[in-house]
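What follows is the content of entry_31.txt (compact mmCIF, C-alpha atoms).
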```
# COMPACT_ATOMS: atom_id res chain seq x y z
CA MET A 6 -3.51 22.31 15.09
CA LEU A 7 -0.37 20.46 14.06
CA THR A 8 0.62 22.29 10.92
CA GLY A 9 3.77 23.49 9.23
CA LEU A 10 7.27 22.11 9.29
CA SER A 11 8.66 24.04 12.24
CA LYS A 12 9.89 22.05 15.21
CA GLN A 13 7.20 21.51 17.84
CA PRO A 14 7.08 19.82 21.24
CA ARG A 15 6.89 16.04 20.92
CA LEU A 16 3.45 14.50 21.14
CA ARG A 17 3.17 12.32 24.21
CA GLU A 18 0.32 10.33 22.67
CA GLY A 19 -0.70 9.75 19.07
CA LEU A 20 -3.69 11.59 17.63
CA PHE A 21 -6.33 10.11 15.28
CA VAL A 22 -8.03 13.07 13.59
CA ASP A 23 -10.92 13.41 11.15
CA ARG A 24 -10.65 15.28 7.87
CA SER A 25 -12.65 15.67 4.65
CA TYR A 26 -11.71 16.50 1.07
CA SER A 27 -13.80 17.37 -1.98
CA ASN A 28 -13.16 18.35 -5.58
CA ASN A 29 -15.23 18.44 -8.75
CA LEU A 30 -15.21 14.64 -8.86
CA GLY A 31 -16.58 14.02 -5.41
CA LYS A 32 -16.03 14.09 -1.67
CA ARG A 33 -14.41 11.65 0.72
CA ASN A 34 -13.78 11.71 4.44
CA TYR A 35 -10.47 10.49 5.78
CA LYS A 36 -8.58 10.05 9.01
CA VAL A 37 -4.95 10.83 9.80
CA TYR A 38 -2.92 9.25 12.56
CA ILE A 39 -0.17 11.50 13.93
CA PRO A 40 2.22 9.27 15.86
CA LYS A 41 3.52 9.63 19.35
CA GLY A 42 6.74 11.61 19.25
CA TYR A 43 5.64 13.80 16.31
CA ARG A 44 7.26 17.25 16.55
CA GLY A 45 6.72 18.86 13.16
CA ILE A 46 9.82 17.44 11.50
CA PRO A 47 9.14 15.67 8.17
CA MET A 48 8.58 11.92 8.45
CA PRO A 49 7.35 9.22 6.07
CA ALA A 50 3.65 8.58 5.46
CA VAL A 51 1.71 5.42 4.64
CA VAL A 52 -1.68 5.69 2.94
CA MET A 53 -3.94 2.78 3.94
CA LEU A 54 -6.92 1.81 1.76
CA HIS A 55 -9.47 -0.37 3.53
CA GLY A 56 -11.35 -3.29 2.01
CA CYS A 57 -15.07 -3.67 1.32
CA THR A 58 -17.42 -3.06 4.29
CA GLN A 59 -14.53 -1.67 6.33
CA SER A 60 -13.86 1.80 7.72
CA PRO A 61 -10.62 3.61 8.58
CA GLU A 62 -11.14 2.85 12.27
CA ASP A 63 -11.78 -0.84 11.60
CA PHE A 64 -8.82 -1.12 9.23
CA ALA A 65 -6.50 0.64 11.67
CA ALA A 66 -7.56 -1.73 14.45
CA GLY A 67 -7.07 -4.87 12.36
CA THR A 68 -3.69 -3.95 10.88
CA CYS A 69 -2.25 -2.31 14.03
CA MET A 70 -0.64 0.22 11.70
CA ASN A 71 -1.07 3.08 14.18
CA ASP A 72 0.82 1.16 16.85
CA LEU A 73 3.58 0.54 14.33
CA ALA A 74 3.59 4.24 13.40
CA ASP A 75 4.23 5.11 17.05
CA ARG A 76 7.27 2.82 17.11
CA ALA A 77 8.70 3.58 13.69
CA GLY A 78 7.77 7.25 13.31
CA PHE A 79 5.46 7.82 10.36
CA VAL A 80 2.10 9.40 9.60
CA VAL A 81 -0.79 7.16 8.51
CA ILE A 82 -3.53 8.42 6.16
CA TYR A 83 -6.81 6.49 5.88
CA PRO A 84 -9.14 7.58 3.03
CA ALA A 85 -12.71 6.33 3.51
CA GLN A 86 -14.90 5.06 0.71
CA CYS A 87 -18.50 6.32 0.99
CA VAL A 88 -21.70 4.29 0.68
CA ALA A 89 -22.95 6.68 -2.02
CA ALA A 90 -20.06 5.60 -4.26
CA ASN A 91 -20.36 1.90 -3.47
CA GLY A 92 -22.96 0.26 -1.26
CA LEU A 93 -20.37 -2.09 0.25
CA LYS A 94 -17.77 0.67 0.56
CA CYS A 95 -15.52 -1.04 -1.99
CA TRP A 96 -13.03 1.09 -3.88
CA SER A 97 -13.98 1.05 -7.58
CA TRP A 98 -10.84 -0.65 -8.92
CA PHE A 99 -12.90 -2.36 -11.66
CA ASN A 100 -14.20 0.83 -13.33
CA ALA A 101 -12.22 2.04 -16.33
CA LYS A 102 -12.59 5.68 -15.27
CA ASP A 103 -11.02 4.81 -11.91
CA GLN A 104 -7.94 3.21 -13.46
CA VAL A 105 -6.33 6.34 -14.89
CA ARG A 106 -4.57 9.40 -13.58
CA GLU A 107 -7.14 12.09 -12.77
CA GLY A 108 -9.77 9.37 -12.64
CA SER A 109 -12.46 9.90 -10.04
CA GLU A 110 -11.25 7.85 -7.07
CA PRO A 111 -7.51 7.91 -7.88
CA SER A 112 -7.57 11.71 -8.04
CA LEU A 113 -9.47 11.94 -4.76
CA ILE A 114 -7.06 9.62 -2.97
CA ALA A 115 -4.03 11.41 -4.43
CA ALA A 116 -5.50 14.79 -3.42
CA ILE A 117 -6.23 13.54 0.10
CA THR A 118 -2.63 12.38 0.34
CA MET A 119 -1.30 15.75 -0.78
CA GLU A 120 -3.64 17.66 1.52
CA ALA A 121 -2.60 15.61 4.54
CA ALA A 122 1.07 15.96 3.57
CA ALA A 123 0.63 19.73 3.41
CA GLU A 124 -1.10 19.96 6.80
CA PHE A 125 1.29 17.66 8.64
CA ALA A 126 5.04 17.26 8.41
CA VAL A 127 5.41 14.58 5.74
CA ASP A 128 8.55 13.78 3.78
CA ARG A 129 7.21 14.08 0.21
CA GLN A 130 9.91 11.68 -1.00
CA ARG A 131 8.74 8.86 1.26
CA ILE A 132 5.00 8.48 0.79
CA PHE A 133 3.80 4.89 0.40
CA ILE A 134 0.42 3.31 -0.24
CA ALA A 135 -1.04 -0.04 0.82
CA GLY A 136 -4.41 -1.73 0.95
CA LEU A 137 -6.45 -4.86 1.52
CA SER A 138 -8.59 -6.58 -1.13
CA ALA A 139 -10.41 -3.83 -3.09
CA GLY A 140 -8.14 -1.36 -1.29
CA ALA A 141 -5.10 -3.31 -2.46
CA ALA A 142 -6.35 -3.26 -6.06
CA MET A 143 -6.81 0.51 -5.78
CA ALA A 144 -3.35 0.90 -4.22
CA VAL A 145 -1.89 -0.86 -7.27
CA ILE A 146 -3.78 1.60 -9.49
CA LEU A 147 -2.41 4.57 -7.53
CA GLY A 148 1.10 3.20 -7.87
CA ALA A 149 0.69 2.91 -11.64
CA THR A 150 -0.97 6.30 -12.15
CA TYR A 151 0.76 8.47 -9.52
CA PRO A 152 4.39 7.29 -9.47
CA ASP A 153 5.42 10.90 -8.83
CA LEU A 154 3.54 10.81 -5.51
CA PHE A 155 4.02 7.28 -4.18
CA SER A 156 7.38 5.58 -3.71
CA ALA A 157 6.17 2.00 -3.17
CA VAL A 158 3.01 -0.09 -3.04
CA GLY A 159 1.80 -2.78 -0.62
CA ALA A 160 -1.00 -5.09 -1.78
CA HIS A 161 -2.62 -7.63 0.55
CA SER A 162 -5.13 -10.04 -1.03
CA GLY A 163 -5.52 -7.72 -4.01
CA LEU A 164 -5.64 -7.74 -7.80
CA PRO A 165 -3.34 -6.47 -10.56
CA TYR A 166 -3.64 -3.26 -12.51
CA ARG A 167 -6.60 -3.26 -14.92
CA ALA A 168 -7.67 -6.73 -13.82
CA ALA A 169 -11.26 -5.88 -14.80
CA ARG A 170 -13.33 -3.25 -16.60
CA SER A 171 -16.78 -3.94 -15.14
CA VAL A 172 -18.50 -5.54 -12.17
CA MET A 173 -18.95 -8.81 -14.01
CA SER A 174 -15.34 -9.01 -15.12
CA ALA A 175 -14.30 -8.05 -11.57
CA LEU A 176 -16.09 -11.09 -10.19
CA ALA A 177 -14.41 -13.25 -12.82
CA ALA A 178 -10.98 -11.80 -11.99
CA MET A 179 -11.53 -12.44 -8.29
CA ARG A 180 -12.27 -16.08 -9.12
CA GLY A 181 -8.98 -16.28 -10.97
CA GLU A 182 -10.39 -16.35 -14.49
CA PRO A 183 -8.36 -14.75 -17.31
CA LEU A 184 -7.64 -11.11 -16.62
CA GLU A 185 -8.66 -8.30 -18.93
CA HIS A 186 -6.16 -5.63 -19.97
CA SER A 187 -3.95 -6.52 -17.02
CA ASN A 188 -0.77 -4.96 -18.41
CA LEU A 189 -0.05 -1.31 -18.97
CA ASP A 190 -1.09 -0.49 -22.51
CA ALA A 191 0.63 1.93 -24.86
CA ASP A 192 -1.71 4.80 -24.00
CA SER A 193 -1.07 4.37 -20.28
CA VAL A 194 2.69 4.25 -20.76
CA ALA A 195 2.51 7.39 -22.90
CA GLN A 196 0.39 9.11 -20.27
CA LEU A 197 2.86 8.29 -17.52
CA GLY A 198 5.96 8.73 -19.62
CA SER A 199 6.84 12.17 -18.26
CA PHE A 200 7.64 10.69 -14.85
CA PRO A 201 11.06 9.07 -14.32
CA ASP A 202 9.81 5.85 -12.71
CA SER A 203 6.42 5.64 -14.39
CA ALA A 204 6.78 2.05 -15.60
CA ALA A 205 8.47 0.59 -12.49
CA MET A 206 7.11 0.70 -8.94
CA PRO A 207 8.55 -1.12 -5.91
CA THR A 208 5.80 -3.49 -4.79
CA ILE A 209 5.27 -5.91 -1.92
CA VAL A 210 2.47 -8.48 -2.10
CA PHE A 211 0.86 -10.65 0.58
CA HIS A 212 -1.73 -13.32 -0.24
CA GLY A 213 -3.14 -16.36 1.54
CA ASP A 214 -3.13 -19.57 -0.48
CA GLN A 215 -6.57 -20.48 0.92
CA ASP A 216 -8.17 -17.17 -0.04
CA ALA A 217 -11.69 -18.00 -1.24
CA THR A 218 -12.60 -14.39 -2.05
CA VAL A 219 -9.71 -13.24 -4.25
CA SER A 220 -7.85 -16.07 -5.98
CA ILE A 221 -4.18 -16.34 -5.09
CA GLY A 222 -3.31 -16.07 -8.76
CA ASN A 223 -4.08 -12.38 -8.54
CA GLY A 224 -1.25 -11.82 -6.09
CA ALA A 225 1.12 -13.59 -8.45
CA ALA A 226 -0.17 -11.41 -11.29
CA ILE A 227 0.64 -8.23 -9.33
CA VAL A 228 4.17 -9.53 -8.83
CA GLU A 229 4.48 -10.44 -12.51
CA GLN A 230 3.38 -6.96 -13.57
CA ALA A 231 5.85 -5.32 -11.19
CA VAL A 232 8.77 -7.50 -12.30
CA ASP A 233 7.91 -6.99 -15.97
CA ARG A 234 7.97 -3.23 -15.56
CA PHE A 235 11.49 -3.37 -14.16
CA ALA A 236 12.48 -5.65 -17.03
CA ASN A 237 11.03 -3.14 -19.48
CA ARG A 238 13.41 -0.58 -17.99
CA LEU A 239 16.30 -3.05 -18.43
CA VAL A 240 16.75 -3.40 -14.67
CA PRO A 241 18.06 -6.91 -13.89
CA LEU A 242 16.64 -8.39 -10.70
CA ARG A 243 18.23 -11.04 -8.50
CA THR A 244 15.72 -13.33 -6.79
CA THR A 245 15.88 -15.00 -3.38
CA HIS A 246 13.39 -17.48 -1.93
CA GLU A 247 12.78 -18.29 1.70
CA GLN A 248 10.44 -20.58 3.55
CA GLY A 249 9.62 -20.17 7.21
CA SER A 250 6.91 -19.88 9.80
CA ALA A 251 5.59 -17.09 11.99
CA ASN A 252 2.78 -16.96 14.52
CA GLY A 253 1.47 -20.40 13.64
CA ARG A 254 1.53 -20.17 9.84
CA GLU A 255 4.12 -21.18 7.29
CA PHE A 256 5.04 -18.83 4.45
CA THR A 257 7.08 -18.64 1.28
CA ALA A 258 8.74 -15.29 0.57
CA SER A 259 10.40 -14.32 -2.71
CA THR A 260 12.31 -11.06 -3.01
CA PHE A 261 13.64 -9.41 -6.18
CA PHE A 262 16.69 -7.18 -5.69
CA ASP A 263 18.13 -4.66 -8.12
CA PRO A 264 21.90 -4.41 -8.85
CA ARG A 265 22.30 -2.08 -5.83
CA GLU A 266 20.74 -4.74 -3.60
CA ARG A 267 17.56 -2.77 -3.05
CA PRO A 268 14.36 -4.87 -2.77
CA MET A 269 12.17 -3.89 -5.70
CA VAL A 270 9.49 -6.59 -5.49
CA ALA A 271 8.52 -8.96 -2.68
CA HIS A 272 5.97 -11.78 -2.76
CA TRP A 273 4.71 -13.41 0.43
CA VAL A 274 2.46 -16.46 0.15
CA ILE A 275 0.89 -17.33 3.52
CA HIS A 276 0.08 -21.03 3.66
CA GLY A 277 -3.30 -21.91 5.13
CA ALA A 278 -4.42 -18.26 5.29
CA GLY A 279 -7.66 -16.94 3.88
CA HIS A 280 -8.88 -13.49 2.93
CA ALA A 281 -7.49 -11.57 5.89
CA TRP A 282 -4.59 -9.31 6.89
CA SER A 283 -1.72 -11.53 8.04
CA GLY A 284 -0.42 -11.07 11.58
CA GLY A 285 -3.13 -8.57 12.44
CA SER A 286 -5.48 -8.11 15.37
CA SER A 287 -8.89 -9.63 16.04
CA LYS A 288 -10.03 -6.13 16.99
CA GLY A 289 -10.58 -5.46 13.28
CA SER A 290 -12.44 -7.31 10.52
CA TYR A 291 -10.69 -9.37 7.83
CA SER A 292 -7.65 -9.77 10.03
CA ASP A 293 -5.79 -12.95 10.98
CA SER A 294 -3.68 -12.91 14.14
CA GLN A 295 -1.69 -15.85 12.78
CA GLY A 296 1.07 -15.57 10.21
CA PRO A 297 3.88 -13.08 9.57
CA ASP A 298 3.17 -9.47 10.47
CA ALA A 299 2.19 -7.97 7.10
CA SER A 300 2.15 -4.42 8.49
CA ALA A 301 5.70 -4.66 9.82
CA GLU A 302 7.01 -6.34 6.68
CA MET A 303 5.40 -3.75 4.41
CA VAL A 304 6.86 -0.88 6.41
CA ARG A 305 10.26 -2.56 6.42
CA PHE A 306 10.05 -2.90 2.63
CA PHE A 307 8.92 0.72 2.26
CA PHE A 308 11.75 2.06 4.38
CA ALA A 309 14.26 0.05 2.37
CA GLN A 310 13.50 2.12 -0.74
CA GLU A 311 15.83 4.81 -1.87
CA SER A 312 14.49 8.30 -1.26
CA ARG A 313 13.86 10.28 -4.44
CA ARG A 314 16.42 12.73 -3.01
CA GLY A 315 19.03 9.99 -3.21
CA LYS A 316 19.26 8.89 0.43
CA LEU A 317 19.49 5.11 0.65
CA GLN A 318 17.64 3.20 3.35
CA ILE A 319 19.50 -0.03 4.03
CA TRP A 320 17.74 -3.38 3.47
CA ARG A 321 18.09 -5.49 6.57
CA PRO A 322 17.18 -9.05 7.55
CA ARG A 323 13.63 -9.40 8.76
CA ILE A 324 13.10 -7.99 12.23
CA ARG A 325 10.34 -7.79 14.76
CA ALA A 326 7.90 -4.91 14.43
CA VAL A 327 9.11 -3.36 17.65
CA GLU A 328 12.60 -3.00 16.12
CA ILE A 329 11.52 -1.15 12.99
CA GLY A 330 11.89 2.22 14.71
CA ALA A 331 15.66 1.76 14.61
CA MET A 332 15.57 2.01 10.82
CA ILE A 333 14.79 5.72 10.73
CA SER A 334 15.48 8.75 12.86
CA PRO A 335 12.51 9.94 14.94
```
How does the structure come out when it is put into structure tokens?
Amino acid sequence: MLTGLSKQPRLREGLFVDRSYSNNLGKRNYKVYIPKGYRGIPMPAVVMLHGCTQSPEDFAAGTCMNDLADRAGFVVIYPAQCVAANGLKCWSWFNAKDQVREGSEPSLIAAITMEAAAEFAVDRQRIFIAGLSAGAAMAVILGATYPDLFSAVGAHSGLPYRAARSVMSALAAMRGEPLEHSNLDADSVAQLGSFPDSAAMPTIVFHGDQDATVSIGNGAAIVEQAVDRFANRLVPLRTTHEQGSANGREFTASTFFDPRERPMVAHWVIHGAGHAWSGGSSKGSYSDSQGPDASAEMVRFFFAQESRRGKLQIWRPRIRAVEIGAMISP
């Protein structure tokens, strides 16, 4: 059992372990990947929320996040949606009760995160959350409702906060029709107001411009919400735009920096890409081996955030995934 924060011998190989959590709102299984080189010293963690029909194993294979964890030194937590909650194993981002703090699924995911962080050596100031499709929409919800737990959000092919309030409106939102209650309302702001960064969350978005499942406008809406929340806190953002190509696909990347030159919001549009994780592996579903490596870019963005303890991670030019490990101490 790899518990506690005391120094332990380094793991020669990573471990992918099964866990389960339950509270009065339900039960969910989850998996945790402990990276090669783990020795009980606190390291960052990335929570990964799979898309519909996927599983933690499938999502891990398609995103190659465990391989990246071995190189960069972080724990990966994979909550699993159950068929009893949704027949297609979609996270319930479209239900009003699942869009608030202490809501059913948000509270379960947050509790899973805290349980895994307690069992393994996780730096509580550097816990991030990302997802694909329905998982991305739920990751956005967790960022809005648990800003005291998560330090940044990654959304791939997802939807903005409160994009829908029912199954029917969810289908409309996915088609790109007008969103319902997409911005934080007064009650939500009041609910989150006790947390210092409740209305502003560093966010990185990936979306294919040929996505026929979730309209690309939803990715832009996530970015708009994130930028607006910084504006509401009177944080001026400087914007850069870049066009390039990677692994056979062209992309446009926009990054919004704060006055301290920290990236607060990033928006990657992958040209010609559909509803799939960019730069992933064919070993998993809904993954496209072409395009920029979304996993590496998300981790790079996450590690560029300032720790809540005040330690600044330096924003660097884009680098290959294999080089990300140089950004943090093992």
May I have a table of the residues of segment 211-247 of chain A lying at most 12 Å from segment 132-138 of chain A, giving each one's closest pair of atoms and their distance in Å to one decimal, counting only C-alpha atoms, ordered by chain and ascending residue number, as JSON lines?
```
{"residue": "A:Phe211", "atom": "CA", "partner": "A:Leu137", "partner_atom": "CA", "distance": 9.4}
{"residue": "A:His212", "atom": "CA", "partner": "A:Ser138", "partner_atom": "CA", "distance": 9.7}
{"residue": "A:Gly213", "atom": "CA", "partner": "A:Ser138", "partner_atom": "CA", "distance": 11.5}
{"residue": "A:Asp216", "atom": "CA", "partner": "A:Ser138", "partner_atom": "CA", "distance": 10.7}
{"residue": "A:Ala217", "atom": "CA", "partner": "A:Ser138", "partner_atom": "CA", "distance": 11.8}
{"residue": "A:Thr218", "atom": "CA", "partner": "A:Ser138", "partner_atom": "CA", "distance": 8.8}
{"residue": "A:Val219", "atom": "CA", "partner": "A:Ser138", "partner_atom": "CA", "distance": 7.4}
{"residue": "A:Ser220", "atom": "CA", "partner": "A:Ser138", "partner_atom": "CA", "distance": 10.7}
{"residue": "A:Ile221", "atom": "CA", "partner": "A:Ser138", "partner_atom": "CA", "distance": 11.4}
{"residue": "A:Asn223", "atom": "CA", "partner": "A:Ser138", "partner_atom": "CA", "distance": 10.4}
{"residue": "A:Gly224", "atom": "CA", "partner": "A:Ser138", "partner_atom": "CA", "distance": 10.3}
```
For this session: Would you be able to write out as an MDAnalysis selection string which residues have an atom within 9 Å of (2.4, -4.5, 10.0) in the file's coordinates, counting all atoms listed in the file?
Result: chainID A and resid 68:70 73 283:285 297:305 326
Problem set entry | Option closest in space to Ala178 of chain A, from A:Ala205, A:Ala144, A:Ala139, A:Val105 [counting all atoms listed in the file] |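 Ranking A:Ala205, A:Ala144, A:Ala139, A:Val105 by distance to Ala178 of chain A, first place goes to A:Ala139.
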For this session: Extract, using all atoms listed in the file, all DNA, RNA and protein residues at most 8 Å from Phe262 of chain A, discarding same-chain residues fewer than 6 positions from it, and format them as a ChimeraX atom specification.
Result: /A:242-244,268-270
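Here atom CA of His276 of chain A is placed at a distance of 5.4 Å from atom CA of Glu255 of chain A.
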Exercise. So how far away is atom CA of Ala50 of chain A from atom CA of Ala169 of chain A, in Å?
Worked result: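 Taking atom CA of Ala169 of chain A as the start and atom CA of Ala50 of chain A as the end point, the length is 29.0 Å.
Atom CA of Gln130 of chain A to atom CA of Asp153 of chain A spans 9.1 Å [interatomic distance, one decimal].
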Problem set entry | Exercise: Ala175 of chain A partners within 9 Å, all atoms listed in the file, chain neighbours under 6 positions left out, as a PyMOL selection string | chain A and resi 98-99+168-169+184
Take the residues that were just selected and, keeping C-alpha atoms, output them as an mmCIF file, in the coordinates of the input.
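As written to disk, selection.cif reads:
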```cif
data_model
loop_
_atom_site.group_PDB
_atom_site.id
_atom_site.type_symbol
_atom_site.label_atom_id
_atom_site.label_comp_id
_atom_site.auth_asym_id
_atom_site.auth_seq_id
_atom_site.Cartn_x
_atom_site.Cartn_y
_atom_site.Cartn_z
ATOM 1 C CA TRP A 98 -10.840 -0.650 -8.920
ATOM 2 C CA PHE A 99 -12.900 -2.360 -11.660
ATOM 3 C CA ALA A 168 -7.670 -6.730 -13.820
ATOM 4 C CA ALA A 169 -11.260 -5.880 -14.800
ATOM 5 C CA LEU A 184 -7.640 -11.110 -16.620
#
```
For this session: Would you list the contacts of Leu154 of chain A as a PyMOL selection string, taking every protein, DNA or RNA residue within 9 Å and counting only C-alpha atoms, but skipping same-chain residues closer than 5 positions in sequence?
Result: chain A and resi 115+118-119+129-133+147-148
Output C-alpha atoms for every residue in the selection just made, as a CSV table (one decimal), keeping the file's coordinate frame.
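Wrote it out as selection.csv, contents follow:
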```
chain,number,residue,atom,x,y,z
A,115,ALA,CA,-4.0,11.4,-4.4
A,118,THR,CA,-2.6,12.4,0.3
A,119,MET,CA,-1.3,15.8,-0.8
A,129,ARG,CA,7.2,14.1,0.2
A,130,GLN,CA,9.9,11.7,-1.0
A,131,ARG,CA,8.7,8.9,1.3
A,132,ILE,CA,5.0,8.5,0.8
A,133,PHE,CA,3.8,4.9,0.4
A,147,LEU,CA,-2.4,4.6,-7.5
A,148,GLY,CA,1.1,3.2,-7.9
```
Problem set entry | Nearest to Gly108 of chain A by atom-to-atom distance, counting all atoms listed in the file, from A:Gly92, A:Gly19, A:Gly222, A:Gly31 |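 For Gly108 of chain A, the nearest of the candidates is A:Gly31.
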Could you name the residues that touch Pro165 of chain A at 8 Å or less, counting all atoms listed in the file, but leaving out those on the same chain fewer than 6 positions away, as a PDB file with C-alpha atoms, in the coordinates of the input?
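Below you can see selection14.pdb, which holds the result:
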```
ATOM      1  CA  ALA A 142      -6.350  -3.260  -6.060  1.00  0.00           C
ATOM      2  CA  VAL A 145      -1.890  -0.860  -7.270  1.00  0.00           C
ATOM      3  CA  SER A 187      -3.950  -6.520 -17.020  1.00  0.00           C
ATOM      4  CA  ASN A 223      -4.080 -12.380  -8.540  1.00  0.00           C
ATOM      5  CA  GLY A 224      -1.250 -11.820  -6.090  1.00  0.00           C
ATOM      6  CA  ALA A 226      -0.170 -11.410 -11.290  1.00  0.00           C
ATOM      7  CA  ILE A 227       0.640  -8.230  -9.330  1.00  0.00           C
ATOM      8  CA  GLN A 230       3.380  -6.960 -13.570  1.00  0.00           C
TER       9      GLN A 230
END
```
Seminar exercise, completed: Phe261 of chain A proximity check over A:Pro207, A:Gly249, A:Gly296, A:Pro14, using all atoms listed in the file: winner is A:Pro207
For this session: Would you mind telling me which residue in A:Ile117, A:Ala66, A:Leu20, A:Ala160 lies nearest to Val210 of chain A when using all atoms listed in the file?
Result: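 Of A:Ile117, A:Ala66, A:Leu20, A:Ala160, the one nearest Val210 of chain A, counting all atoms listed in the file, is A:Ala160.
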Exercise. Of the candidates A:Ser259, A:Arg238, A:Gln215, A:Met179, which one gets nearest to Gly277 of chain A if we count only C-alpha atoms?
Worked result: A:Gln215
Exercise. Which residue, A:Ser162, A:Thr208, A:Asn28, A:Ser171, has the smallest gap to Ser112 of chain A when you use only C-alpha atoms?
Worked result: A:Asn28
